[in-house]
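K.L.:
Below is a structure I'd like to ask you about.
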Amino acid sequence: MIHISKRRCVGCGICNSECPVGALVVDTDKGYAVIDNSKCLSCGVCIARCPQRAIADITKSIVFAIGTDDGTFIKQKDHVGSSLSFMIYRYSEGKMVLIDKRNNVKYDEDESETHGDPGKAAAVSDVLSGADVIVGSIIGPNVKRLRKQFLPIVVRTDTIENSLKIITENMPDISEELSKENMNALVLS
């Protein structure tokens with residue numbers, strides 16, 4: 001499925017002029033291109049022509065783990081590893097579907113660790129087995145350990161619903177970062 005990064009798109013309209021079926025249009029109110037995937041042929045012309053690399057064809061499934069204490073709001077004012085649970089979503093073919101809720105483990109952190117307790121990172125990693133991305137409002141000091149297994153994403157919002165919208169709008173950037181050997185955390189708003 002073709003996606004446009006609103007962070008990268010500058011609204012130049014090249015994709016619109018090159019698309020053989022007119023599936024892309026620049027939304028002048030938003031300032032970036034939008035796509036009608038029901039018209040899109042997935043021919044790749046827009047991807048090849050975009051000077052900003054703002055367009056991507058995302059074909060693989062991506063699993064997201066969103067830290068929460070109540071199932072409605074993402075974990076606030078503390079790092080994602082201290083969440084009571086994780087809502088697990090699968091993104092595939094343009095749809096985000098809740099597939100699981102996993103309770104976090106209770107872990108007594110080693111207070112002598114100044115940059116994140118490796119035992120805590122390992123415990124959270126076990127809970128999130130099978131996930132590609134970990135999402136929270138703060139990642140915390142174990143970001144260096146977690147990014148070896150997961151793409152850490154910080155979202156600047158409060159609800160899981162808003163987080164899912166932000167994630168979906170930034171899928172090209174997420175997909176690109178996941179393809180790298182050394183992933184860096186993304187901050188999305």
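Chain labels run A, B, ... following the order of the structure tokens; each chain numbers its residues from 1, and ligands are numbered from 1 in the order shown.
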What are the DSSP strand (DSSP E) residues of chain A, as a VMD selection string?

P.N.:
chain A and resid 2 to 4 24 to 27 32 to 35 55 to 57 62 to 68 85 to 92 95 to 103 133 to 136 151 to 155 186 to 188

K.L.:
Could you write out, as a ChimeraX atom specification, all the residues of chain A that DSSP marks as alpha helix (DSSP H)?

P.N.:
/A:14-18,45-49,118-127,143-146,160-169,171-178

K.L.:
Pick out the residues sitting within 10 Å of A:Leu41, and hand them over as a list in words; count only C-alpha atoms, and ignore anything fewer than 6 positions along from it in its own chain.

P.N.:
Met1, Ile2, Cys19, Pro20, Val21 and Ala23 of chain A

K.L.:
For A:Ile166, work out the shell of residues within 12 Å, counting only C-alpha atoms and skipping chain neighbours fewer than 2 positions away, then give it as a list in words.

P.N.:
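Counting only C-alpha atoms, the residues come to Ser5, Lys6, Arg7, Met96, Val135, Ile153, Val154, Val155, Arg156, Thr157, Asp158, Thr159, Ile160, Glu161, Asn162, Ser163, Leu164, Thr168, Glu169, Asn170, Met171, Pro172, Asp173, Ile174, Leu186, Val187, Leu188 and Ser189 of chain A.
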
K.L.:
For the residues selected in the previous step, produce a file with N, CA and C atoms as a PDB file, in the first residue's frame.

P.N.:
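Dumped to out-v4.pdb:
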ATOM      1  N   SER A   5       4.584  10.403   3.517  1.00  0.00           N
ATOM      2  CA  SER A   5       5.045  10.969   4.777  1.00  0.00           C
ATOM      3  C   SER A   5       4.709  12.454   4.812  1.00  0.00           C
ATOM      4  N   LYS A   6       3.849  12.838   5.747  1.00  0.00           N
ATOM      5  CA  LYS A   6       3.522  14.260   5.844  1.00  0.00           C
ATOM      6  C   LYS A   6       4.705  15.060   6.380  1.00  0.00           C
ATOM      7  N   ARG A   7       5.639  14.384   7.031  1.00  0.00           N
ATOM      8  CA  ARG A   7       6.837  15.051   7.534  1.00  0.00           C
ATOM      9  C   ARG A   7       7.781  15.415   6.397  1.00  0.00           C
ATOM     10  N   MET A  96      -4.836  -0.899  10.950  1.00  0.00           N
ATOM     11  CA  MET A  96      -4.241  -1.136  12.261  1.00  0.00           C
ATOM     12  C   MET A  96      -5.258  -1.928  13.086  1.00  0.00           C
ATOM     13  N   VAL A 135       6.171   1.873  21.632  1.00  0.00           N
ATOM     14  CA  VAL A 135       5.656   3.239  21.561  1.00  0.00           C
ATOM     15  C   VAL A 135       5.315   3.749  22.960  1.00  0.00           C
ATOM     16  N   ILE A 153       9.580   4.507  19.468  1.00  0.00           N
ATOM     17  CA  ILE A 153       8.884   5.691  18.977  1.00  0.00           C
ATOM     18  C   ILE A 153       8.295   6.445  20.157  1.00  0.00           C
ATOM     19  N   VAL A 154       8.613   7.733  20.214  1.00  0.00           N
ATOM     20  CA  VAL A 154       7.990   8.637  21.172  1.00  0.00           C
ATOM     21  C   VAL A 154       6.889   9.371  20.430  1.00  0.00           C
ATOM     22  N   VAL A 155       5.677   9.342  20.978  1.00  0.00           N
ATOM     23  CA  VAL A 155       4.575  10.101  20.386  1.00  0.00           C
ATOM     24  C   VAL A 155       4.213  11.235  21.328  1.00  0.00           C
ATOM     25  N   ARG A 156       3.994  12.398  20.751  1.00  0.00           N
ATOM     26  CA  ARG A 156       3.658  13.598  21.527  1.00  0.00           C
ATOM     27  C   ARG A 156       2.141  13.772  21.562  1.00  0.00           C
ATOM     28  N   THR A 157       1.481  12.833  22.206  1.00  0.00           N
ATOM     29  CA  THR A 157       0.036  12.869  22.392  1.00  0.00           C
ATOM     30  C   THR A 157      -0.296  12.059  23.632  1.00  0.00           C
ATOM     31  N   ASP A 158      -1.566  12.004  23.999  1.00  0.00           N
ATOM     32  CA  ASP A 158      -1.904  11.325  25.242  1.00  0.00           C
ATOM     33  C   ASP A 158      -2.683  10.022  25.069  1.00  0.00           C
ATOM     34  N   THR A 159      -3.495   9.898  24.040  1.00  0.00           N
ATOM     35  CA  THR A 159      -4.324   8.698  23.914  1.00  0.00           C
ATOM     36  C   THR A 159      -3.740   7.698  22.922  1.00  0.00           C
ATOM     37  N   ILE A 160      -4.114   6.447  23.109  1.00  0.00           N
ATOM     38  CA  ILE A 160      -3.707   5.404  22.170  1.00  0.00           C
ATOM     39  C   ILE A 160      -4.330   5.688  20.801  1.00  0.00           C
ATOM     40  N   GLU A 161      -5.582   6.122  20.787  1.00  0.00           N
ATOM     41  CA  GLU A 161      -6.256   6.441  19.523  1.00  0.00           C
ATOM     42  C   GLU A 161      -5.483   7.495  18.728  1.00  0.00           C
ATOM     43  N   ASN A 162      -5.072   8.566  19.381  1.00  0.00           N
ATOM     44  CA  ASN A 162      -4.287   9.601  18.691  1.00  0.00           C
ATOM     45  C   ASN A 162      -2.921   9.069  18.281  1.00  0.00           C
ATOM     46  N   SER A 163      -2.336   8.224  19.118  1.00  0.00           N
ATOM     47  CA  SER A 163      -1.037   7.618  18.787  1.00  0.00           C
ATOM     48  C   SER A 163      -1.131   6.798  17.513  1.00  0.00           C
ATOM     49  N   LEU A 164      -2.194   6.012  17.385  1.00  0.00           N
ATOM     50  CA  LEU A 164      -2.371   5.178  16.195  1.00  0.00           C
ATOM     51  C   LEU A 164      -2.518   6.037  14.937  1.00  0.00           C
ATOM     52  N   THR A 168       0.150   5.918  11.859  1.00  0.00           N
ATOM     53  CA  THR A 168      -0.298   5.639  10.493  1.00  0.00           C
ATOM     54  C   THR A 168       0.134   6.743   9.530  1.00  0.00           C
ATOM     55  N   GLU A 169       0.061   8.003   9.981  1.00  0.00           N
ATOM     56  CA  GLU A 169       0.474   9.128   9.136  1.00  0.00           C
ATOM     57  C   GLU A 169       1.976   9.140   8.862  1.00  0.00           C
ATOM     58  N   ASN A 170       2.742   8.462   9.688  1.00  0.00           N
ATOM     59  CA  ASN A 170       4.199   8.471   9.548  1.00  0.00           C
ATOM     60  C   ASN A 170       4.767   7.100   9.161  1.00  0.00           C
ATOM     61  N   MET A 171       3.928   6.270   8.572  1.00  0.00           N
ATOM     62  CA  MET A 171       4.353   4.909   8.236  1.00  0.00           C
ATOM     63  C   MET A 171       5.574   4.850   7.311  1.00  0.00           C
ATOM     64  N   PRO A 172       5.743   5.746   6.326  1.00  0.00           N
ATOM     65  CA  PRO A 172       6.959   5.670   5.499  1.00  0.00           C
ATOM     66  C   PRO A 172       8.245   5.851   6.319  1.00  0.00           C
ATOM     67  N   ASP A 173       8.228   6.772   7.271  1.00  0.00           N
ATOM     68  CA  ASP A 173       9.411   7.001   8.104  1.00  0.00           C
ATOM     69  C   ASP A 173       9.672   5.799   9.013  1.00  0.00           C
ATOM     70  N   ILE A 174       8.615   5.207   9.538  1.00  0.00           N
ATOM     71  CA  ILE A 174       8.735   4.040  10.402  1.00  0.00           C
ATOM     72  C   ILE A 174       9.288   2.862   9.608  1.00  0.00           C
ATOM     73  N   LEU A 186      12.393   7.374  16.847  1.00  0.00           N
ATOM     74  CA  LEU A 186      11.672   8.432  16.148  1.00  0.00           C
ATOM     75  C   LEU A 186      10.808   9.186  17.153  1.00  0.00           C
ATOM     76  N   VAL A 187      10.678  10.476  16.945  1.00  0.00           N
ATOM     77  CA  VAL A 187       9.788  11.303  17.743  1.00  0.00           C
ATOM     78  C   VAL A 187       8.735  11.848  16.799  1.00  0.00           C
ATOM     79  N   LEU A 188       7.470  11.511  17.067  1.00  0.00           N
ATOM     80  CA  LEU A 188       6.382  11.867  16.169  1.00  0.00           C
ATOM     81  C   LEU A 188       5.322  12.693  16.883  1.00  0.00           C
ATOM     82  N   SER A 189       4.752  13.634  16.155  1.00  0.00           N
ATOM     83  CA  SER A 189       3.662  14.414  16.735  1.00  0.00           C
ATOM     84  C   SER A 189       2.612  14.697  15.680  1.00  0.00           C
TER      85      SER A 189
END
